[in-house]
$ cat protein_29.pdb   # PDB, C-alpha atoms and all ligand atoms
ATOM      1  CA  MET A 203     -45.457  25.214   4.504
ATOM      2  CA  VAL A 204     -43.036  23.003   2.590
ATOM      3  CA  ALA A 205     -40.490  25.037   0.694
ATOM      4  CA  GLU A 206     -40.025  24.920  -3.050
ATOM      5  CA  ILE A 207     -36.505  23.702  -3.815
ATOM      6  CA  ILE A 208     -34.569  26.134  -5.994
ATOM      7  CA  ASP A 209     -32.638  23.822  -8.320
ATOM      8  CA  GLY A 210     -29.304  25.565  -8.870
ATOM      9  CA  LYS A 211     -27.894  22.556 -10.691
ATOM     10  CA  ALA A 212     -30.586  22.678 -13.392
ATOM     11  CA  PHE A 213     -30.461  26.487 -13.606
ATOM     12  CA  ALA A 214     -26.657  26.379 -14.008
ATOM     13  CA  ALA A 215     -27.001  23.841 -16.838
ATOM     14  CA  THR A 216     -29.361  26.258 -18.623
ATOM     15  CA  VAL A 217     -26.928  29.165 -18.147
ATOM     16  CA  ARG A 218     -24.022  27.040 -19.461
ATOM     17  CA  GLY A 219     -26.185  26.091 -22.463
ATOM     18  CA  HIS A 220     -26.757  29.779 -23.312
ATOM     19  CA  VAL A 221     -23.029  30.489 -22.897
ATOM     20  CA  ALA A 222     -22.123  27.531 -25.152
ATOM     21  CA  ASP A 223     -24.545  28.746 -27.880
ATOM     22  CA  HIS A 224     -23.022  32.230 -27.756
ATOM     23  CA  VAL A 225     -19.452  30.863 -27.819
ATOM     24  CA  ALA A 226     -20.295  28.756 -30.897
ATOM     25  CA  ARG A 227     -21.671  31.852 -32.670
ATOM     26  CA  LEU A 228     -18.584  33.917 -31.765
ATOM     27  CA  LYS A 229     -16.394  31.221 -33.294
ATOM     28  CA  GLU A 230     -18.477  30.821 -36.437
ATOM     29  CA  GLU A 231     -19.140  34.473 -37.188
ATOM     30  CA  HIS A 232     -15.982  36.154 -35.843
ATOM     31  CA  GLY A 233     -13.369  33.394 -35.454
ATOM     32  CA  ILE A 234     -12.984  34.268 -31.764
ATOM     33  CA  THR A 235     -12.722  31.730 -28.929
ATOM     34  CA  PRO A 236     -13.019  33.099 -25.381
ATOM     35  CA  GLY A 237     -10.147  32.041 -23.097
ATOM     36  CA  LEU A 238     -10.062  31.729 -19.296
ATOM     37  CA  ALA A 239      -6.778  31.503 -17.370
ATOM     38  CA  VAL A 240      -6.967  30.025 -13.864
ATOM     39  CA  VAL A 241      -3.974  30.372 -11.562
ATOM     40  CA  LEU A 242      -3.556  28.065  -8.559
ATOM     41  CA  VAL A 243      -0.745  28.620  -6.072
ATOM     42  CA  GLY A 244      -0.073  25.710  -3.715
ATOM     43  CA  GLU A 245      -1.790  22.382  -3.111
ATOM     44  CA  ASP A 246      -4.903  23.211  -1.052
ATOM     45  CA  PRO A 247      -7.141  20.173  -1.748
ATOM     46  CA  ALA A 248     -10.440  22.130  -1.909
ATOM     47  CA  SER A 249      -8.887  24.678  -4.295
ATOM     48  CA  GLN A 250      -7.559  21.864  -6.498
ATOM     49  CA  VAL A 251     -11.073  20.404  -6.781
ATOM     50  CA  TYR A 252     -12.567  23.817  -7.703
ATOM     51  CA  VAL A 253      -9.862  24.560 -10.278
ATOM     52  CA  ARG A 254     -10.281  21.158 -11.946
ATOM     53  CA  SER A 255     -14.036  21.657 -12.124
ATOM     54  CA  LYS A 256     -13.658  25.160 -13.594
ATOM     55  CA  GLY A 257     -11.230  23.914 -16.264
ATOM     56  CA  LYS A 258     -13.541  21.036 -17.249
ATOM     57  CA  GLN A 259     -16.649  23.232 -17.548
ATOM     58  CA  THR A 260     -14.734  25.922 -19.458
ATOM     59  CA  VAL A 261     -13.814  23.380 -22.133
ATOM     60  CA  GLU A 262     -17.358  21.937 -22.159
ATOM     61  CA  VAL A 263     -18.850  25.300 -23.230
ATOM     62  CA  GLY A 264     -16.275  25.558 -26.041
ATOM     63  CA  MET A 265     -13.866  28.036 -24.446
ATOM     64  CA  ASN A 266     -10.110  27.698 -24.108
ATOM     65  CA  SER A 267      -8.882  26.893 -20.593
ATOM     66  CA  TYR A 268      -5.367  27.806 -19.493
ATOM     67  CA  GLU A 269      -4.317  26.373 -16.127
ATOM     68  CA  HIS A 270      -1.247  27.662 -14.323
ATOM     69  CA  LYS A 271      -0.158  25.734 -11.244
ATOM     70  CA  LEU A 272       2.559  27.270  -9.096
ATOM     71  CA  SER A 273       4.170  25.744  -6.025
ATOM     72  CA  ALA A 274       3.268  27.089  -2.571
ATOM     73  CA  ASP A 275       6.722  28.680  -2.138
ATOM     74  CA  THR A 276       6.589  30.658  -5.421
ATOM     75  CA  PRO A 277       7.878  34.208  -4.849
ATOM     76  CA  GLN A 278       5.111  36.816  -5.169
ATOM     77  CA  LYS A 279       7.140  38.541  -7.908
ATOM     78  CA  ASP A 280       6.836  35.418 -10.113
ATOM     79  CA  LEU A 281       3.043  35.420  -9.687
ATOM     80  CA  LEU A 282       2.899  39.139 -10.559
ATOM     81  CA  ASP A 283       5.035  38.472 -13.664
ATOM     82  CA  LEU A 284       2.624  35.709 -14.737
ATOM     83  CA  ILE A 285      -0.374  38.014 -14.242
ATOM     84  CA  ASP A 286       1.369  40.688 -16.338
ATOM     85  CA  LYS A 287       1.916  38.129 -19.110
ATOM     86  CA  LEU A 288      -1.767  37.064 -18.997
ATOM     87  CA  ASN A 289      -2.914  40.718 -18.962
ATOM     88  CA  ASN A 290      -1.035  41.202 -22.251
ATOM     89  CA  ASP A 291      -2.122  37.941 -23.896
ATOM     90  CA  SER A 292      -4.947  38.639 -26.352
ATOM     91  CA  ALA A 293      -6.068  34.957 -26.258
ATOM     92  CA  VAL A 294      -6.861  35.338 -22.541
ATOM     93  CA  HIS A 295     -10.110  37.207 -21.843
ATOM     94  CA  GLY A 296     -10.573  36.217 -18.206
ATOM     95  CA  ILE A 297      -8.073  35.731 -15.371
ATOM     96  CA  LEU A 298      -8.900  34.056 -12.053
ATOM     97  CA  VAL A 299      -6.366  33.678  -9.255
ATOM     98  CA  GLN A 300      -7.741  31.054  -6.879
ATOM     99  CA  LEU A 301      -7.959  32.231  -3.264
ATOM    100  CA  PRO A 302      -6.736  31.822  -0.591
ATOM    101  CA  LEU A 303      -3.121  32.525  -1.534
ATOM    102  CA  PRO A 304      -0.167  31.346   0.599
ATOM    103  CA  ARG A 305       0.533  33.540   3.629
ATOM    104  CA  HIS A 306       3.648  35.197   2.185
ATOM    105  CA  MET A 307       1.540  36.809  -0.550
ATOM    106  CA  ASN A 308      -0.513  39.996  -0.367
ATOM    107  CA  GLU A 309      -3.936  39.084  -1.799
ATOM    108  CA  ASP A 310      -5.055  42.671  -2.399
ATOM    109  CA  LEU A 311      -1.871  43.496  -4.277
ATOM    110  CA  VAL A 312      -2.125  40.354  -6.421
ATOM    111  CA  ILE A 313      -5.826  40.828  -7.255
ATOM    112  CA  ASN A 314      -5.294  44.494  -8.117
ATOM    113  CA  ALA A 315      -2.509  43.516 -10.539
ATOM    114  CA  ILE A 316      -5.124  41.844 -12.791
ATOM    115  CA  ASP A 317      -6.406  43.967 -15.697
ATOM    116  CA  PRO A 318      -9.898  45.000 -14.410
ATOM    117  CA  ALA A 319     -11.361  44.167 -17.847
ATOM    118  CA  LYS A 320     -10.132  40.558 -17.411
ATOM    119  CA  ASP A 321     -11.057  40.309 -13.701
ATOM    120  CA  VAL A 322     -13.840  37.723 -14.087
ATOM    121  CA  ASP A 323     -14.031  37.345 -10.283
ATOM    122  CA  GLY A 324     -14.988  41.026  -9.934
ATOM    123  CA  PHE A 325     -12.553  41.406  -7.015
ATOM    124  CA  HIS A 326     -10.342  44.215  -8.446
ATOM    125  CA  ILE A 327     -10.824  47.463  -6.552
ATOM    126  CA  SER A 328     -12.024  49.179  -9.784
ATOM    127  CA  ASN A 329     -14.785  46.608 -10.226
ATOM    128  CA  VAL A 330     -15.716  46.846  -6.536
ATOM    129  CA  GLY A 331     -16.062  50.633  -6.940
ATOM    130  CA  LEU A 332     -18.034  50.348 -10.176
ATOM    131  CA  LEU A 333     -20.469  47.861  -8.594
ATOM    132  CA  GLY A 334     -20.853  50.038  -5.502
ATOM    133  CA  THR A 335     -21.766  53.053  -7.636
ATOM    134  CA  GLY A 336     -24.140  51.138  -9.905
ATOM    135  CA  GLN A 337     -21.885  51.262 -12.970
ATOM    136  CA  LYS A 338     -21.106  48.520 -15.497
ATOM    137  CA  SER A 339     -18.562  46.175 -13.887
ATOM    138  CA  MET A 340     -17.486  42.572 -13.531
ATOM    139  CA  VAL A 341     -19.781  41.133 -10.847
ATOM    140  CA  PRO A 342     -18.481  38.489  -8.382
ATOM    141  CA  CYS A 343     -19.733  35.062  -9.470
ATOM    142  CA  THR A 344     -21.310  33.684  -6.275
ATOM    143  CA  PRO A 345     -23.490  36.736  -5.507
ATOM    144  CA  LEU A 346     -24.377  37.016  -9.209
ATOM    145  CA  GLY A 347     -25.570  33.397  -9.178
ATOM    146  CA  CYS A 348     -27.648  34.077  -6.047
ATOM    147  CA  LEU A 349     -29.211  37.166  -7.646
ATOM    148  CA  MET A 350     -30.110  35.240 -10.805
ATOM    149  CA  MET A 351     -31.901  32.564  -8.758
ATOM    150  CA  LEU A 352     -33.746  35.210  -6.709
ATOM    151  CA  ARG A 353     -34.851  37.118  -9.818
ATOM    152  CA  ASP A 354     -35.940  33.887 -11.467
ATOM    153  CA  HIS A 355     -38.014  32.898  -8.429
ATOM    154  CA  HIS A 356     -39.536  36.288  -7.556
ATOM    155  CA  GLY A 357     -39.509  38.360 -10.720
ATOM    156  CA  SER A 358     -39.103  41.786  -9.120
ATOM    157  CA  LEU A 359     -37.213  42.053  -5.806
ATOM    158  CA  SER A 360     -38.253  45.686  -5.323
ATOM    159  CA  GLY A 361     -39.165  46.607  -1.739
ATOM    160  CA  LYS A 362     -38.296  43.229  -0.240
ATOM    161  CA  ASP A 363     -36.500  43.008   3.109
ATOM    162  CA  ALA A 364     -33.219  41.169   2.538
ATOM    163  CA  VAL A 365     -30.790  40.027   5.238
ATOM    164  CA  VAL A 366     -27.305  38.968   4.152
ATOM    165  CA  ILE A 367     -25.467  37.048   6.884
ATOM    166  CA  GLY A 368     -21.729  37.496   6.331
ATOM    167  CA  ARG A 369     -19.643  40.512   5.351
ATOM    168  CA  SER A 370     -16.891  39.021   3.180
ATOM    169  CA  ASN A 371     -15.561  40.855   0.148
ATOM    170  CA  ILE A 372     -16.222  37.749  -1.969
ATOM    171  CA  VAL A 373     -19.906  37.217  -1.094
ATOM    172  CA  GLY A 374     -21.525  39.307   1.660
ATOM    173  CA  LYS A 375     -20.649  42.840   0.584
ATOM    174  CA  PRO A 376     -21.203  42.418  -3.190
ATOM    175  CA  MET A 377     -24.436  40.478  -2.487
ATOM    176  CA  ALA A 378     -25.724  43.423  -0.468
ATOM    177  CA  GLN A 379     -24.796  45.831  -3.306
ATOM    178  CA  LEU A 380     -26.639  43.711  -5.865
ATOM    179  CA  LEU A 381     -29.782  43.444  -3.712
ATOM    180  CA  LEU A 382     -29.686  47.195  -3.126
ATOM    181  CA  GLY A 383     -29.380  47.649  -6.901
ATOM    182  CA  ASP A 384     -32.616  45.659  -7.230
ATOM    183  CA  SER A 385     -34.302  47.973  -4.680
ATOM    184  CA  CYS A 386     -34.348  45.636  -1.682
ATOM    185  CA  THR A 387     -34.072  47.023   1.854
ATOM    186  CA  VAL A 388     -30.788  45.412   2.829
ATOM    187  CA  THR A 389     -29.312  44.483   6.211
ATOM    188  CA  ILE A 390     -25.802  43.026   6.452
ATOM    189  CA  ALA A 391     -25.577  40.874   9.579
ATOM    190  CA  HIS A 392     -22.410  39.230  10.908
ATOM    191  CA  SER A 393     -20.832  37.514  13.909
ATOM    192  CA  ARG A 394     -21.200  40.614  16.125
ATOM    193  CA  THR A 395     -24.829  41.337  15.183
ATOM    194  CA  LYS A 396     -27.063  41.509  18.263
ATOM    195  CA  ASP A 397     -30.153  39.282  18.329
ATOM    196  CA  LEU A 398     -29.295  37.686  14.978
ATOM    197  CA  PRO A 399     -32.333  35.344  14.966
ATOM    198  CA  ASP A 400     -34.658  38.379  15.366
ATOM    199  CA  VAL A 401     -32.881  40.231  12.553
ATOM    200  CA  VAL A 402     -33.181  37.207  10.244
ATOM    201  CA  ARG A 403     -36.877  36.774  11.190
ATOM    202  CA  ARG A 404     -37.672  40.132   9.535
ATOM    203  CA  ALA A 405     -36.371  39.015   6.150
ATOM    204  CA  ASP A 406     -38.305  38.121   3.009
ATOM    205  CA  ILE A 407     -34.943  37.039   1.560
ATOM    206  CA  VAL A 408     -32.132  35.452   3.606
ATOM    207  CA  VAL A 409     -28.671  34.928   2.097
ATOM    208  CA  ALA A 410     -26.490  32.892   4.461
ATOM    209  CA  ALA A 411     -22.751  33.238   3.809
ATOM    210  CA  VAL A 412     -21.047  32.835   7.173
ATOM    211  CA  GLY A 413     -19.136  29.569   6.772
ATOM    212  CA  ARG A 414     -20.637  27.997   9.928
ATOM    213  CA  PRO A 415     -22.298  24.599   9.415
ATOM    214  CA  GLU A 416     -26.086  24.696   9.876
ATOM    215  CA  MET A 417     -26.007  27.874  11.959
ATOM    216  CA  VAL A 418     -29.268  29.345  10.644
ATOM    217  CA  GLN A 419     -32.170  27.475  12.245
ATOM    218  CA  GLY A 420     -35.706  27.012  10.985
ATOM    219  CA  ASP A 421     -37.180  29.103  13.818
ATOM    220  CA  TRP A 422     -35.098  32.090  12.595
ATOM    221  CA  ILE A 423     -36.960  32.071   9.257
ATOM    222  CA  LYS A 424     -40.113  34.039   8.523
ATOM    223  CA  GLU A 425     -42.934  31.897   7.101
ATOM    224  CA  GLY A 426     -42.681  31.909   3.320
ATOM    225  CA  ALA A 427     -39.252  33.598   3.108
ATOM    226  CA  THR A 428     -36.727  32.691   0.405
ATOM    227  CA  VAL A 429     -33.501  31.178   1.755
ATOM    228  CA  ILE A 430     -30.274  31.163  -0.268
ATOM    229  CA  ASP A 431     -27.568  29.016   1.347
ATOM    230  CA  VAL A 432     -24.038  29.911   0.186
ATOM    231  CA  GLY A 433     -22.288  27.683   2.747
ATOM    232  CA  ILE A 434     -20.255  24.646   1.748
ATOM    233  CA  ASN A 435     -19.071  22.927   4.939
ATOM    234  CA  ARG A 436     -17.687  19.419   5.342
ATOM    235  CA  ILE A 437     -18.647  17.813   8.637
ATOM    236  CA  GLU A 438     -18.546  14.367  10.229
ATOM    237  CA  ARG A 439     -22.022  12.913  10.851
ATOM    238  CA  ASP A 440     -22.743   9.328  11.896
ATOM    239  CA  GLY A 441     -19.153   8.463  10.970
ATOM    240  CA  LYS A 442     -19.581   9.889   7.486
ATOM    241  CA  ASN A 443     -18.043  12.943   5.836
ATOM    242  CA  VAL A 444     -21.025  15.035   4.614
ATOM    243  CA  LEU A 445     -21.508  18.398   2.920
ATOM    244  CA  VAL A 446     -23.856  20.861   4.663
ATOM    245  CA  GLY A 447     -24.698  24.526   4.206
ATOM    246  CA  ASP A 448     -24.838  27.429   6.656
ATOM    247  CA  VAL A 449     -28.581  26.737   7.059
ATOM    248  CA  HIS A 450     -30.135  23.819   8.937
ATOM    249  CA  TYR A 451     -31.930  22.545   5.850
ATOM    250  CA  GLU A 452     -34.722  20.365   7.303
ATOM    251  CA  SER A 453     -35.972  22.897   9.849
ATOM    252  CA  ALA A 454     -35.654  25.844   7.430
ATOM    253  CA  ALA A 455     -37.396  24.006   4.569
ATOM    254  CA  ALA A 456     -40.387  23.419   6.863
ATOM    255  CA  VAL A 457     -41.102  27.182   7.100
ATOM    256  CA  ALA A 458     -39.466  28.821   4.080
ATOM    257  CA  GLY A 459     -41.306  29.485   0.819
ATOM    258  CA  ALA A 460     -38.251  28.482  -1.208
ATOM    259  CA  ILE A 461     -34.739  27.258  -0.395
ATOM    260  CA  THR A 462     -31.525  26.279  -2.162
ATOM    261  CA  PRO A 463     -30.116  22.842  -1.270
ATOM    262  CA  VAL A 464     -26.458  22.044  -0.510
ATOM    263  CA  PRO A 465     -25.103  20.594  -2.706
ATOM    264  CA  GLY A 466     -26.963  21.529  -5.910
ATOM    265  CA  GLY A 467     -27.892  25.137  -5.110
ATOM    266  CA  VAL A 468     -25.491  28.068  -5.185
ATOM    267  CA  GLY A 469     -22.338  26.022  -5.971
ATOM    268  CA  PRO A 470     -23.089  25.104  -9.615
ATOM    269  CA  MET A 471     -24.339  28.652 -10.302
ATOM    270  CA  THR A 472     -20.962  30.124  -9.256
ATOM    271  CA  ILE A 473     -19.036  28.355 -12.022
ATOM    272  CA  ALA A 474     -21.796  29.024 -14.578
ATOM    273  CA  CYS A 475     -21.502  32.743 -13.758
ATOM    274  CA  LEU A 476     -17.714  32.565 -14.093
ATOM    275  CA  LEU A 477     -18.188  31.263 -17.644
ATOM    276  CA  ALA A 478     -20.799  33.962 -18.356
ATOM    277  CA  ASN A 479     -18.377  36.633 -17.051
ATOM    278  CA  THR A 480     -15.596  35.265 -19.281
ATOM    279  CA  LEU A 481     -17.916  35.487 -22.290
ATOM    280  CA  THR A 482     -18.855  39.061 -21.300
ATOM    281  CA  ALA A 483     -15.165  40.014 -20.962
ATOM    282  CA  CYS A 484     -14.445  38.531 -24.399
ATOM    283  CA  CYS A 485     -17.360  40.390 -26.026
ATOM    284  CA  ARG A 486     -16.306  43.704 -24.407
ATOM    285  CA  ALA A 487     -12.663  43.176 -25.502
ATOM    286  CA  ASN A 488     -13.798  42.643 -29.087
ATOM    287  CA  GLY A 489     -16.208  45.563 -29.206
TER     288      GLY A 489
HETATM  289  N1  LIG A 501     -11.967  30.930  -3.386
HETATM  290  C1  LIG A 501     -13.212  30.686  -2.907
HETATM  291  N2  LIG A 501     -14.141  31.268  -3.702
HETATM  292  C2  LIG A 501     -13.460  31.896  -4.682
HETATM  293  C3  LIG A 501     -13.877  32.651  -5.811
HETATM  294  O1  LIG A 501     -15.057  32.903  -6.054
HETATM  295  N3  LIG A 501     -12.873  33.115  -6.602
HETATM  296  C4  LIG A 501     -11.555  32.871  -6.341
HETATM  297  N4  LIG A 501     -10.646  33.406  -7.159
HETATM  298  N5  LIG A 501     -11.141  32.163  -5.305
HETATM  299  C5  LIG A 501     -12.103  31.675  -4.490
END

$ encode --input "protein_29.pdb" --output "structure tokens"
Amino acid sequence: MVAEIIDGKAFAATVRGHVADHVARLKEEHGITPGLAVVLVGEDPASQVYVRSKGKQTVEVGMNSYEHKLSADTPQKDLLDLIDKLNNDSAVHGILVQLPLPRHMNEDLVINAIDPAKDVDGFHISNVGLLGTGQKSMVPCTPLGCLMMLRDHHGSLSGKDAVVIGRSNIVGKPMAQLLLGDSCTVTIAHSRTKDLPDVVRRADIVVAAVGRPEMVQGDWIKEGATVIDVGINRIERDGKNVLVGDVHYESAAAVAGAITPVPGGVGPMTIACLLANTLTACCRANG
């Protein structure tokens, strides 16, 4: 079997197109422009690239982008004061604080200072609880993007065996909640899981979010399974700096029914979902 490639780049462009149409209508009919504030603390190069890309795409769909860059030694109190200001700014509908934060800051405390209605990352404890109990919430962007691609490929996910590899709060846990919400039988596997290849071999759907380059091998994949690769890892190969996922693409694509590439799979969908969440937050704020 040669896997169908799930084109996240094209799908994300379609999602951004829908968001842009909706934003244009909001402006025309109600005079409202959604606004997204992104806060970056420090100079982490990968975070700088992500923040720049988010700002650019926010403007491209017609929204206002507000970027706040703070130095790495900013006192936590100053960051909390900025979040308070953004919480009370009616032009700001979504707030994203780029993670990781410098070590002197308490990430949980900072994230939970964001107004849950403006928490477009879906990381606030209220949104985590709402998602876990199947109530209306802000849904974390990366798992939401994965779910949209899975629904688009399969239609119904009901009854499918899904294995999520990775138990992070950003991807693994919310991904499992979303798959459960769509009536999958869900296993969360992680670094201490026994016989991981055997566990993965049972899955109709594999979501790899471990942050280990090319860890998931083709002979771990059930024939015809759908493989969603969340990993973005930079490695040296043949003297070149290359981007690879958490899945060994060539061997997995030879057995899977469908697979997301890296780059061009999950990555573009994450930012598209961030824009969709900002639009949702704006619509909810304005009734
Ligand atoms: N760092 C890596 N991924 C994310 C994300 O989805 N949101 C935020 N805020 N920071 C991140």

$ resolve_selection --input "protein_29.pdb" --expression "the PyMOL selection byres (((not hetatm)) within 12 of (chain A and resi 501))" --output "PyMOL selection string"
chain A and resi 239-243+246-253+256+296-303+309-310+312-313+316+321-326+341-347+370-374+376+411+413+432-434+468-476

$ resolve_selection --input "protein_29.pdb" --expression "the PyMOL selection byres (((chain A and resi 260) around 12) and not hetatm)" --output "NGL selection string"
:A and (218-219 or 221-222 or 225 or 235-240 or 253-259 or 261-269 or 296 or 473-481)

$ atom_distance --input "protein_29.pdb" --atom1 "atom CA of Ile390 of chain A" --atom2 "atom CA of Gly210 of chain A"
23.5 Å

$ atom_distance --input "protein_29.pdb" --atom1 "atom CA of Ile208 of chain A" --atom2 "atom CA of Ser393 of chain A"
26.7 Å

$ atom_distance --input "protein_29.pdb" --atom1 "atom CA of Thr428 of chain A" --atom2 "atom CA of Gly334 of chain A"
24.2 Å

$ closest_residue --input "protein_29.pdb" --among "A:Asn488, A:Thr395, A:Thr335, A:Asn314" --to "Gln379 of chain A" --atoms "all atoms listed in the file"
A:Thr335

$ residues_around --input "protein_29.pdb" --residues "Val444 of chain A" --least-positions-apart "4" --cutoff "12 Å" --atoms "only C-alpha atoms" --output "list in words"
Pro415, Ile434, Asn435, Arg436, Ile437, Glu438, Arg439, Asp440, Val464 and Pro465 of chain A

$ closest_residue --input "protein_29.pdb" --among "A:Leu382, A:Val418, A:Ala205, A:Cys348" --to "Ile367 of chain A" --atoms "all atoms listed in the file"
A:Val418

$ closest_residue --input "protein_29.pdb" --among "A:Val401, A:Leu332, A:Ala226, A:Val217" --to "Trp422 of chain A" --atoms "only C-alpha atoms"
A:Val401
